[in-house]
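Below is coords-v9.txt, which holds compact mmCIF, C-alpha atoms.
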# COMPACT_ATOMS: atom_id res chain seq x y z
CA MET A 1 -37.73 140.69 67.49
CA GLN A 2 -40.65 138.28 67.17
CA ARG A 3 -40.07 135.42 64.75
CA THR A 4 -42.88 134.58 62.35
CA PRO A 5 -43.64 130.93 61.44
CA PHE A 6 -42.14 131.57 57.98
CA MET A 7 -38.92 132.91 59.50
CA VAL A 8 -38.72 129.92 61.81
CA LEU A 9 -39.23 127.48 58.92
CA VAL A 10 -36.49 129.17 56.88
CA SER A 11 -34.08 129.12 59.80
CA VAL A 12 -34.82 125.44 60.51
CA LEU A 13 -34.22 124.43 56.90
CA SER A 14 -31.03 126.49 56.74
CA LEU A 15 -29.76 124.64 59.81
CA ALA A 16 -29.92 121.25 58.12
CA ILE A 17 -26.64 119.72 59.16
CA ILE A 18 -24.20 117.06 58.13
CA ILE A 19 -25.27 113.58 59.05
CA PRO A 20 -24.40 110.06 57.85
CA GLN A 21 -25.89 109.21 54.48
CA SER A 22 -26.48 105.53 55.09
CA ASN A 23 -27.90 103.54 57.96
CA ASP A 24 -25.66 101.95 60.55
CA LYS A 25 -23.12 99.65 58.95
CA ASP A 26 -22.73 97.80 62.24
CA HIS A 27 -24.63 94.52 61.79
CA GLN A 28 -24.82 93.94 65.53
CA LEU A 29 -26.54 97.28 66.06
CA ASN A 30 -28.89 96.72 63.11
CA ASN A 31 -29.81 93.33 64.54
CA LEU A 32 -30.70 94.88 67.91
CA ILE A 33 -32.84 97.54 66.24
CA SER A 34 -34.61 94.89 64.14
CA LYS A 35 -35.43 92.90 67.28
CA ALA A 36 -36.86 96.02 68.95
CA LEU A 37 -39.10 96.83 65.99
CA ASP A 38 -40.59 93.33 66.25
CA HIS A 39 -40.76 92.85 70.02
CA ASN A 40 -40.58 96.14 71.96
CA PRO A 41 -43.84 96.38 74.01
CA GLU A 42 -44.15 100.16 73.62
CA ILE A 43 -43.82 99.94 69.83
CA LEU A 44 -46.35 97.09 69.66
CA ALA A 45 -48.76 99.03 71.88
CA TRP A 46 -48.63 102.01 69.55
CA GLN A 47 -49.35 99.76 66.58
CA SER A 48 -52.57 98.69 68.30
CA ILE A 49 -53.45 102.32 69.06
CA VAL A 50 -52.94 103.27 65.41
CA HIS A 51 -55.22 100.41 64.29
CA SER A 52 -57.87 101.51 66.80
CA LYS A 53 -57.76 105.14 65.63
CA LYS A 54 -57.99 104.14 61.96
CA GLN A 55 -61.09 102.06 62.64
CA ALA A 56 -62.62 104.92 64.61
CA SER A 57 -62.04 107.30 61.69
CA ILE A 58 -64.03 104.98 59.41
CA ALA A 59 -67.06 105.21 61.68
CA ALA A 60 -66.75 108.97 62.24
CA GLY A 61 -68.24 109.99 58.89
CA SER A 62 -71.22 107.66 59.06
CA LEU A 63 -74.80 108.68 59.64
CA PRO A 64 -76.09 108.20 63.18
CA ASN A 65 -78.08 105.05 63.78
CA PRO A 66 -81.76 105.24 62.87
CA VAL A 67 -84.26 105.12 65.70
CA LEU A 68 -86.97 102.45 65.82
CA SER A 69 -89.83 103.33 68.16
CA GLY A 70 -93.04 101.70 69.23
CA GLY A 71 -96.07 102.66 71.24
CA TYR A 72 -99.28 101.26 72.66
CA PHE A 73 -102.38 103.40 73.05
CA VAL A 74 -103.57 102.98 76.63
CA GLU A 75 -106.66 104.92 75.64
CA PRO A 76 -107.23 103.98 71.98
CA VAL A 77 -107.92 106.85 69.63
CA VAL A 78 -111.12 105.99 67.79
CA THR A 79 -111.27 106.87 64.12
CA LYS A 80 -113.91 106.11 61.51
CA GLU A 81 -111.70 103.20 60.40
CA GLY A 82 -111.47 101.86 63.90
CA PRO A 83 -109.56 102.43 67.17
CA GLN A 84 -105.75 102.93 67.00
CA GLU A 85 -104.01 100.25 69.04
CA PHE A 86 -100.25 100.20 68.23
CA LYS A 87 -97.79 102.50 66.49
CA LEU A 88 -94.36 101.65 65.05
CA GLY A 89 -91.98 104.38 63.93
CA LEU A 90 -88.64 104.59 62.13
CA ALA A 91 -86.69 107.87 62.07
CA GLN A 92 -83.31 108.95 60.72
CA ASN A 93 -81.40 112.02 61.84
CA LEU A 94 -79.71 113.89 58.93
CA PRO A 95 -77.00 116.38 59.98
CA TRP A 96 -76.53 119.60 58.05
CA PRO A 97 -74.39 119.05 54.92
CA GLY A 98 -70.70 119.24 55.79
CA LYS A 99 -70.97 118.20 59.45
CA LEU A 100 -70.31 114.50 58.90
CA ASN A 101 -67.47 115.10 56.46
CA THR A 102 -65.80 117.55 58.85
CA GLN A 103 -66.13 115.07 61.72
CA LYS A 104 -64.53 112.43 59.53
CA LEU A 105 -61.61 114.75 58.67
CA ILE A 106 -61.06 115.43 62.38
CA SER A 107 -61.07 111.71 63.17
CA GLN A 108 -58.69 110.94 60.28
CA ALA A 109 -56.30 113.62 61.54
CA ASP A 110 -56.49 112.01 64.99
CA ALA A 111 -55.48 108.69 63.40
CA ASP A 112 -52.60 110.42 61.58
CA ILE A 113 -51.45 111.95 64.87
CA SER A 114 -51.36 108.48 66.42
CA ILE A 115 -49.19 107.32 63.50
CA GLU A 116 -46.74 110.16 64.16
CA LYS A 117 -46.70 109.36 67.87
CA SER A 118 -45.96 105.76 66.95
CA ARG A 119 -43.02 106.98 64.84
CA GLN A 120 -41.92 109.15 67.73
CA SER A 121 -41.90 106.10 69.99
CA ILE A 122 -39.88 104.06 67.45
CA LEU A 123 -37.33 106.86 67.02
CA LYS A 124 -36.91 107.18 70.81
CA VAL A 125 -36.44 103.42 71.29
CA VAL A 126 -33.95 103.21 68.40
CA ASN A 127 -32.00 106.17 69.81
CA ASP A 128 -31.90 104.54 73.25
CA ILE A 129 -30.60 101.31 71.68
CA ARG A 130 -27.87 103.21 69.82
CA ARG A 131 -26.86 104.99 73.00
CA LYS A 132 -26.62 101.78 75.02
CA TYR A 133 -24.82 99.95 72.23
CA HIS A 134 -22.18 102.69 71.90
CA GLN A 135 -21.92 102.78 75.67
CA LEU A 136 -21.04 99.07 75.54
CA ARG A 137 -18.47 99.83 72.85
CA LEU A 138 -16.98 102.61 74.99
CA LEU A 139 -16.90 100.23 77.94
CA ALA A 140 -15.03 97.60 75.91
CA THR A 141 -12.54 100.21 74.69
CA GLU A 142 -11.94 101.51 78.21
CA GLU A 143 -11.40 97.94 79.42
CA ASN A 144 -8.88 97.30 76.66
CA ILE A 145 -6.99 100.56 77.30
CA THR A 146 -6.92 99.94 81.05
CA GLU A 147 -5.72 96.35 80.61
CA GLU A 148 -2.95 97.48 78.25
CA ASN A 149 -1.86 100.15 80.71
CA LEU A 150 -1.97 97.66 83.58
CA SER A 151 0.26 95.33 81.57
CA LEU A 152 2.76 98.16 81.02
CA LEU A 153 2.76 98.97 84.73
CA LYS A 154 3.39 95.34 85.63
CA GLN A 155 6.40 95.30 83.32
CA PHE A 156 7.61 98.57 84.76
CA GLU A 157 7.10 97.27 88.30
CA SER A 158 9.61 94.49 87.63
CA VAL A 159 12.11 97.12 86.42
CA VAL A 160 11.59 99.24 89.54
CA ARG A 161 11.81 96.14 91.73
CA THR A 162 15.16 95.24 90.14
CA LYS A 163 16.45 98.77 90.65
CA TYR A 164 15.23 98.71 94.23
CA SER A 165 17.07 95.44 94.88
CA THR A 166 20.26 97.14 93.68
CA ALA A 167 19.52 100.24 95.78
CA SER A 168 19.21 102.41 92.65
CA ALA A 169 15.51 103.12 93.19
CA SER A 170 13.52 104.20 96.23
CA HIS A 171 11.10 101.87 97.95
CA SER A 172 8.54 104.66 97.57
CA TYR A 173 8.67 104.22 93.78
CA LEU A 174 7.71 100.58 94.10
CA VAL A 175 4.83 101.43 96.47
CA GLN A 176 3.53 104.11 94.09
CA ILE A 177 3.50 101.65 91.19
CA GLN A 178 1.69 99.05 93.25
CA MET A 179 -0.93 101.58 94.41
CA LYS A 180 -1.50 102.66 90.83
CA MET A 181 -1.93 99.03 89.74
CA ILE A 182 -4.46 98.37 92.54
CA ARG A 183 -6.53 101.40 91.48
CA MET A 184 -6.44 100.25 87.89
CA GLU A 185 -7.54 96.72 88.77
CA ASP A 186 -10.41 98.20 90.78
CA LYS A 187 -11.43 100.32 87.79
CA LEU A 188 -11.39 97.22 85.59
CA THR A 189 -13.72 95.50 88.04
CA SER A 190 -16.14 98.44 87.90
CA LEU A 191 -16.08 98.46 84.10
CA LYS A 192 -16.80 94.74 83.89
CA ASN A 193 -19.59 94.94 86.47
CA LYS A 194 -21.28 97.69 84.45
CA ARG A 195 -21.58 95.55 81.31
CA PRO A 196 -24.50 93.33 82.45
CA VAL A 197 -26.42 96.44 83.59
CA ILE A 198 -26.24 97.93 80.08
CA ILE A 199 -27.14 94.59 78.48
CA SER A 200 -30.17 94.34 80.79
CA LYS A 201 -31.38 97.73 79.54
CA LEU A 202 -30.87 96.56 75.94
CA GLU A 203 -32.99 93.49 76.69
CA GLN A 204 -35.77 95.75 77.95
CA LEU A 205 -35.53 97.92 74.81
CA THR A 206 -35.44 95.01 72.35
CA GLY A 207 -38.07 92.98 74.18
CA VAL A 208 -35.99 89.78 73.94
CA GLY A 209 -33.27 88.06 75.92
CA LEU A 210 -29.69 88.69 74.78
CA ALA A 211 -27.90 85.94 76.69
CA ASP A 212 -26.70 84.37 73.43
CA PHE A 213 -26.05 87.69 71.69
CA SER A 214 -22.39 88.32 70.93
CA PHE A 215 -21.10 91.85 71.49
CA ASP A 216 -17.81 91.86 69.63
CA PHE A 217 -16.03 95.20 69.32
CA ASP A 218 -12.76 95.97 67.58
CA THR A 219 -10.91 97.90 70.29
CA ALA A 220 -7.39 97.45 68.95
CA GLU A 221 -7.22 100.81 67.18
CA PHE A 222 -9.19 104.01 66.77
CA GLU A 223 -10.71 104.39 63.32
CA THR A 224 -9.38 107.31 61.31
CA ASP A 225 -12.53 107.78 59.21
CA LEU A 226 -15.81 108.66 60.85
CA PRO A 227 -19.08 107.99 58.96
CA THR A 228 -19.54 109.88 55.69
CA SER A 229 -22.14 112.62 55.76
CA SER A 230 -24.57 114.68 53.71
CA PRO A 231 -27.04 117.52 54.47
CA VAL A 232 -30.37 116.41 55.96
CA GLY A 233 -33.36 118.49 57.07
CA ILE A 234 -36.09 117.93 59.66
CA ALA A 235 -39.25 117.90 57.54
CA ASN A 236 -40.03 114.38 58.78
CA ASN A 237 -39.76 115.20 62.47
CA PRO A 238 -42.88 113.77 64.19
CA VAL A 239 -43.17 116.72 66.60
CA ILE A 240 -43.52 119.11 63.65
CA ARG A 241 -45.92 116.76 61.87
CA ILE A 242 -48.06 116.31 64.98
CA SER A 243 -48.21 120.06 65.51
CA LYS A 244 -49.23 120.64 61.88
CA LEU A 245 -51.89 117.92 62.12
CA LYS A 246 -53.25 119.45 65.33
CA THR A 247 -53.41 122.84 63.64
CA HIS A 248 -55.27 121.32 60.68
CA THR A 249 -57.60 119.50 63.09
CA GLN A 250 -58.36 122.73 64.90
CA GLU A 251 -59.15 124.42 61.59
CA ASN A 252 -61.72 121.68 60.96
CA LYS A 253 -63.07 122.17 64.48
CA VAL A 254 -63.55 125.86 63.70
CA THR A 255 -65.51 124.84 60.60
CA LEU A 256 -67.56 122.38 62.65
CA ALA A 257 -68.22 125.05 65.27
CA LYS A 258 -69.65 127.34 62.59
CA LEU A 259 -71.85 124.50 61.39
CA ALA A 260 -73.18 124.10 64.95
CA SER A 261 -75.49 127.04 64.26
CA LYS A 262 -77.02 125.14 61.35
CA PRO A 263 -80.05 122.90 61.96
CA ASP A 264 -80.19 119.14 61.61
CA PHE A 265 -83.06 117.34 59.95
CA LEU A 266 -85.22 114.39 60.88
CA LEU A 267 -87.06 112.14 58.45
CA GLY A 268 -89.25 109.27 59.51
CA VAL A 269 -92.31 107.15 59.03
CA ASP A 270 -94.95 105.87 61.47
CA TYR A 271 -97.07 102.76 60.92
CA ILE A 272 -100.30 102.80 62.90
CA MET A 273 -102.13 99.54 63.58
CA LEU A 274 -105.90 99.66 63.99
CA ASP A 275 -108.00 97.29 66.03
CA ALA A 276 -110.15 96.41 63.02
CA GLU A 277 -109.67 93.50 60.70
CA SER A 278 -111.25 95.09 57.65
CA ALA A 279 -109.51 98.48 57.95
CA ASP A 280 -106.30 99.54 56.22
CA ASN A 281 -103.58 100.51 58.68
CA PRO A 282 -102.49 104.12 58.02
CA ILE A 283 -98.88 105.18 57.35
CA MET A 284 -97.64 108.63 58.33
CA VAL A 285 -94.50 110.28 56.90
CA LYS A 286 -92.95 112.84 59.18
CA ALA A 287 -90.12 115.40 59.06
CA GLY A 288 -88.43 117.55 61.67
CA ILE A 289 -85.76 120.19 62.05
CA SER A 290 -83.64 121.15 65.03
CA LEU A 291 -83.72 124.75 66.18
CA PRO A 292 -80.24 126.05 67.13
CA ILE A 293 -81.71 129.14 68.77
CA TRP A 294 -79.28 129.36 71.71
CA PHE A 295 -77.07 131.96 70.05
CA GLY A 296 -74.90 132.49 73.11
CA ARG A 297 -74.03 128.78 73.17
CA ASN A 298 -73.20 128.70 69.45
CA LYS A 299 -71.02 131.80 69.77
CA ALA A 300 -69.14 130.27 72.73
CA ILE A 301 -68.48 127.10 70.72
CA GLN A 302 -67.04 129.14 67.84
CA GLU A 303 -64.90 131.34 70.09
CA SER A 304 -63.54 128.24 71.86
CA ALA A 305 -62.58 126.64 68.55
CA LYS A 306 -60.87 129.83 67.31
CA ALA A 307 -58.89 130.11 70.56
CA GLY A 308 -57.83 126.49 70.14
CA LEU A 309 -56.63 127.25 66.60
CA ASP A 310 -54.57 130.22 67.81
CA SER A 311 -53.03 127.98 70.48
CA GLU A 312 -52.06 125.27 67.98
CA GLU A 313 -50.50 127.80 65.58
CA LEU A 314 -48.38 129.17 68.44
CA ASN A 315 -47.43 125.61 69.45
CA LEU A 316 -46.27 124.93 65.88
CA THR A 317 -44.10 128.05 65.87
CA ASN A 318 -42.69 127.11 69.27
CA ALA A 319 -41.90 123.56 68.12
CA GLN A 320 -40.05 124.87 65.08
CA GLU A 321 -38.03 127.27 67.21
CA LEU A 322 -37.14 124.54 69.73
CA LEU A 323 -35.99 122.24 66.92
CA ALA A 324 -33.90 125.05 65.45
CA VAL A 325 -32.13 125.43 68.80
CA LYS A 326 -31.63 121.66 69.12
CA ILE A 327 -30.17 121.44 65.63
CA GLU A 328 -27.73 124.25 66.38
CA GLU A 329 -26.64 122.42 69.53
CA ILE A 330 -26.27 119.05 67.78
CA ASN A 331 -24.41 120.68 64.90
CA TYR A 332 -21.94 122.19 67.35
CA ARG A 333 -21.46 118.84 69.09
CA LEU A 334 -20.83 116.99 65.82
CA VAL A 335 -18.32 119.50 64.49
CA ASP A 336 -16.53 119.94 67.82
CA TYR A 337 -16.30 116.24 68.72
CA GLN A 338 -15.09 115.33 65.22
CA ARG A 339 -12.44 118.07 65.33
CA GLN A 340 -11.20 117.03 68.77
CA TYR A 341 -11.26 113.33 67.91
CA LEU A 342 -9.21 113.79 64.73
CA LEU A 343 -6.80 116.06 66.62
CA HIS A 344 -6.27 113.30 69.18
CA ILE A 345 -5.74 110.38 66.79
CA GLU A 346 -3.69 112.30 64.22
CA GLU A 347 -1.49 114.47 66.44
CA LEU A 348 -1.82 114.19 70.21
CA LEU A 349 -1.85 110.38 70.58
CA PRO A 350 1.17 109.77 68.28
CA LEU A 351 3.11 112.47 70.15
CA ALA A 352 2.09 111.06 73.54
CA GLU A 353 3.16 107.52 72.53
CA GLN A 354 6.45 108.86 71.20
CA ASN A 355 6.98 110.80 74.41
CA TYR A 356 6.24 107.67 76.45
CA GLN A 357 8.86 105.66 74.55
CA ILE A 358 11.42 108.41 75.04
CA THR A 359 10.62 108.75 78.73
CA GLU A 360 10.72 105.00 79.34
CA THR A 361 14.12 104.74 77.61
CA GLY A 362 15.37 107.74 79.57
CA TYR A 363 14.28 106.29 82.88
CA LEU A 364 15.84 102.90 82.18
CA ALA A 365 19.07 104.73 81.32
CA ASP A 366 18.80 106.76 84.56
CA GLU A 367 18.50 109.96 82.53
CA LEU A 368 14.95 110.83 83.72
CA ASP A 369 13.39 110.54 87.16
CA PHE A 370 10.57 108.26 88.26
CA THR A 371 7.98 111.05 88.68
CA THR A 372 8.47 112.18 85.09
CA TYR A 373 7.83 108.65 83.87
CA LEU A 374 4.63 108.32 85.93
CA ASN A 375 3.33 111.67 84.66
CA VAL A 376 4.00 110.76 81.03
CA GLU A 377 2.40 107.33 81.47
CA GLU A 378 -0.67 108.90 83.08
CA ASP A 379 -0.93 111.50 80.30
CA LEU A 380 -0.92 108.74 77.68
CA LEU A 381 -3.64 106.82 79.52
CA ASP A 382 -5.80 109.94 79.91
CA LEU A 383 -5.41 110.79 76.22
CA LYS A 384 -6.49 107.32 75.12
CA LEU A 385 -9.51 107.36 77.41
CA LYS A 386 -10.46 110.86 76.28
CA THR A 387 -10.17 109.79 72.64
CA ALA A 388 -12.53 106.89 73.30
CA ARG A 389 -14.96 109.26 75.03
CA LEU A 390 -14.81 111.74 72.12
CA ARG A 391 -15.64 108.97 69.64
CA TYR A 392 -18.53 107.89 71.86
CA ASN A 393 -19.82 111.47 72.11
CA TYR A 394 -19.65 111.85 68.33
CA TYR A 395 -21.76 108.73 67.74
CA ILE A 396 -24.25 109.84 70.41
CA ALA A 397 -24.61 113.17 68.62
CA ILE A 398 -25.26 111.25 65.39
CA ALA A 399 -27.92 109.14 67.16
CA ASP A 400 -29.60 112.29 68.49
CA TYR A 401 -29.76 113.82 65.02
CA LEU A 402 -31.06 110.65 63.46
CA GLU A 403 -33.88 110.83 65.99
CA ILE A 404 -34.62 114.52 65.43
CA SER A 405 -34.41 114.30 61.61
CA ALA A 406 -36.60 111.15 61.57
CA MET A 407 -35.33 110.12 58.15
CA GLU A 408 -35.25 106.40 58.94
CA TYR A 409 -38.70 105.64 60.40
Go ahead and express the file in the form of structure tokens.
Amino acid sequence: MQRTPFMVLVSVLSLAIIIPQSNDKDHQLNNLISKALDHNPEILAWQSIVHSKKQASIAAGSLPNPVLSGGYFVEPVVTKEGPQEFKLGLAQNLPWPGKLNTQKLISQADADISIEKSRQSILKVVNDIRRKYHQLRLLATEENITEENLSLLKQFESVVRTKYSTASASHSYLVQIQMKMIRMEDKLTSLKNKRPVIISKLEQLTGVGLADFSFDFDTAEFETDLPTSSPVGIANNPVIRISKLKTHTQENKVTLAKLASKPDFLLGVDYIMLDAESADNPIMVKAGISLPIWFGRNKAIQESAKAGLDSEELNLTNAQELLAVKIEEINYRLVDYQRQYLLHIEELLPLAEQNYQITETGYLADELDFTTYLNVEEDLLDLKLKTARLRYNYYIAIADYLEISAMEY
């Protein structure tokens, strides 16, 4: 079934989802965003474009420049007052009423479109900063989890080494622990080497150096409360606004195309200088009118404008449908990541930590085998890393919706 623009609008509004009420409470993140708004080259470039378009819209509704003309009679025309020698003329073109105003409306809409594209650029840069910032936070959390797990393995290695010295543990157990520790140390190296790459991207996004910027993250525990939320729609989305402005512009172009079949006027005055000292130089007032007699051309202009309007209306419907799909996808991500995250921190992680303590005690008491301990330890590590990834995914989904809802900028 084909969806009408009204149906699409209703479906989009009904899909307004839960999103944080307030702006980011993280002062570090807010500081980065503030720097980008002041220094990002792309944002600054769009500010210049907006200024240029606004100035152009001021000139769009003005009358065309008058024409000053002059002429010299190679063969003077002799009158009873004397021969005509020079002629000076001043003429002003006067478009049909409505043409200039419609051109001004089109130019103003073009300026408004540039404003929305500027907003679109800001929203994209801010989203990229949020993504990189939360990626740094995820990196710090993964480093902390890996270091904690490496510390546990080092302690356990000493236990296995003691058991091996008393012939109560296989040499293979000790080798397995050492191999696991080497892999973990290598992972730590990779995580630490990735940090400057992310910071470099943040420097490009903010437009300033961040050598002295402190990235301090609390990685000791997972928070139990994710950001509070409230329903938000997408009326401010720049893609929708741009599409509506283009549709409105095309409507004005249709109006202008109809006015193309109307004539323009010309008013002017000529001052004729005679080669006679005692004669009065004559002044001639003149008027003219354009003749839009090429009916095929005028019809083609109107048909082209109407086709453009149909295209923009379809583009608006398509943009609304695409946003409806994106909102559904983001809504799913938010709900699913939040559910999984809370499941991990409230149930799975406590059980996994309890199971680890039981397994460690059982192994030390020779009640459980070495393989069981390694499996339980690996499960705990995987759960912690997955929990960190779920939190990261949740905040990325929030960043994506803040961009698509465009409520901030």
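Neighbours of Gln84 of chain A closer than or equal to 9 Å, with all atoms listed in the file counted and sequence neighbours fewer than 4 positions away skipped, come out as Tyr72, Phe73, Glu75, Pro76, Val77, Val78, Thr79, Ile272, Met273, Leu274, Asp275, Ala276 and Asn281 of chain A.
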Could you turn the residues from that selection into a file that holds C-alpha atoms, as an mmCIF file, keeping the file's coordinate frame?
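Resulting contents of part.cif:
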data_model
loop_
_atom_site.group_PDB
_atom_site.id
_atom_site.type_symbol
_atom_site.label_atom_id
_atom_site.label_comp_id
_atom_site.auth_asym_id
_atom_site.auth_seq_id
_atom_site.Cartn_x
_atom_site.Cartn_y
_atom_site.Cartn_z
ATOM 1 C CA TYR A 72 -99.280 101.260 72.660
ATOM 2 C CA PHE A 73 -102.380 103.400 73.050
ATOM 3 C CA GLU A 75 -106.660 104.920 75.640
ATOM 4 C CA PRO A 76 -107.230 103.980 71.980
ATOM 5 C CA VAL A 77 -107.920 106.850 69.630
ATOM 6 C CA VAL A 78 -111.120 105.990 67.790
ATOM 7 C CA THR A 79 -111.270 106.870 64.120
ATOM 8 C CA ILE A 272 -100.300 102.800 62.900
ATOM 9 C CA MET A 273 -102.130 99.540 63.580
ATOM 10 C CA LEU A 274 -105.900 99.660 63.990
ATOM 11 C CA ASP A 275 -108.000 97.290 66.030
ATOM 12 C CA ALA A 276 -110.150 96.410 63.020
ATOM 13 C CA ASN A 281 -103.580 100.510 58.680
#
- Query: What is the distance, in Å and to one decimal place, between atom CA of Ile396 of chain A and atom CA of His134 of chain A?
  - Reply: 7.6 Å
- Query: Near segment 240-253 of chain A, within 7 Å and counting all atoms listed in the file, which residues show up once chain neighbours fewer than 2 positions away are dropped, as a ChimeraX atom specification?
  - Reply: /A:102,106,109,113,116,237-238,255-257,305,308-309,312-313,315-316,319-320
So that I have them on file, write out the residues from the current selection with C-alpha atoms, as a PDB file, in the coordinates of the input.
ATOM      1  CA  THR A 102     -65.800 117.550  58.850  1.00  0.00           C
ATOM      2  CA  ILE A 106     -61.060 115.430  62.380  1.00  0.00           C
ATOM      3  CA  ALA A 109     -56.300 113.620  61.540  1.00  0.00           C
ATOM      4  CA  ILE A 113     -51.450 111.950  64.870  1.00  0.00           C
ATOM      5  CA  GLU A 116     -46.740 110.160  64.160  1.00  0.00           C
ATOM      6  CA  ASN A 237     -39.760 115.200  62.470  1.00  0.00           C
ATOM      7  CA  PRO A 238     -42.880 113.770  64.190  1.00  0.00           C
ATOM      8  CA  THR A 255     -65.510 124.840  60.600  1.00  0.00           C
ATOM      9  CA  LEU A 256     -67.560 122.380  62.650  1.00  0.00           C
ATOM     10  CA  ALA A 257     -68.220 125.050  65.270  1.00  0.00           C
ATOM     11  CA  ALA A 305     -62.580 126.640  68.550  1.00  0.00           C
ATOM     12  CA  GLY A 308     -57.830 126.490  70.140  1.00  0.00           C
ATOM     13  CA  LEU A 309     -56.630 127.250  66.600  1.00  0.00           C
ATOM     14  CA  GLU A 312     -52.060 125.270  67.980  1.00  0.00           C
ATOM     15  CA  GLU A 313     -50.500 127.800  65.580  1.00  0.00           C
ATOM     16  CA  ASN A 315     -47.430 125.610  69.450  1.00  0.00           C
ATOM     17  CA  LEU A 316     -46.270 124.930  65.880  1.00  0.00           C
ATOM     18  CA  ALA A 319     -41.900 123.560  68.120  1.00  0.00           C
ATOM     19  CA  GLN A 320     -40.050 124.870  65.080  1.00  0.00           C
TER      20      GLN A 320
END
- Write out as a ChimeraX atom specification which residues come within 8 Å of segment 186-199 of chain A when counting only C-alpha atoms, dropping same-chain ones fewer than 2 positions away. /A:132,135-136,139,142-143,146-147,182-184,201-203,210
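Across the model, the gap from atom CA of Ser290 of chain A to atom CA of Pro263 of chain A is 5.0 Å.
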- Minimum-distance residue to Gln108 of chain A, chosen among A:Ile398, A:Ile404, A:Ile58, A:Val335 (using only C-alpha atoms): A:Ile58
- Closest of A:Ile49, A:Asp382, A:Ala36, A:Lys87 to Pro282 of chain A - atom-to-atom distances counting all atoms listed in the file: A:Lys87
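Going from atom CA of Leu105 of chain A to atom CA of Trp46 of chain A covers 21.2 Å.
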- Long-range neighbours of Val285 of chain A as an NGL selection string, 8 Å cut-off, all atoms listed in the file, 6 positions minimum in chain: :A and (267-270)
Suppose we keep C-alpha atoms; can you now write the selection as a CSV table (one decimal), in the frame of the given file?
chain,number,residue,atom,x,y,z
A,267,LEU,CA,-87.1,112.1,58.4
A,268,GLY,CA,-89.2,109.3,59.5
A,269,VAL,CA,-92.3,107.2,59.0
A,270,ASP,CA,-95.0,105.9,61.5
- Taking all atoms listed in the file into account, which of A:Leu343, A:Val254, A:Ser48, A:Ile283 comes nearest Ile301 of chain A? A:Val254
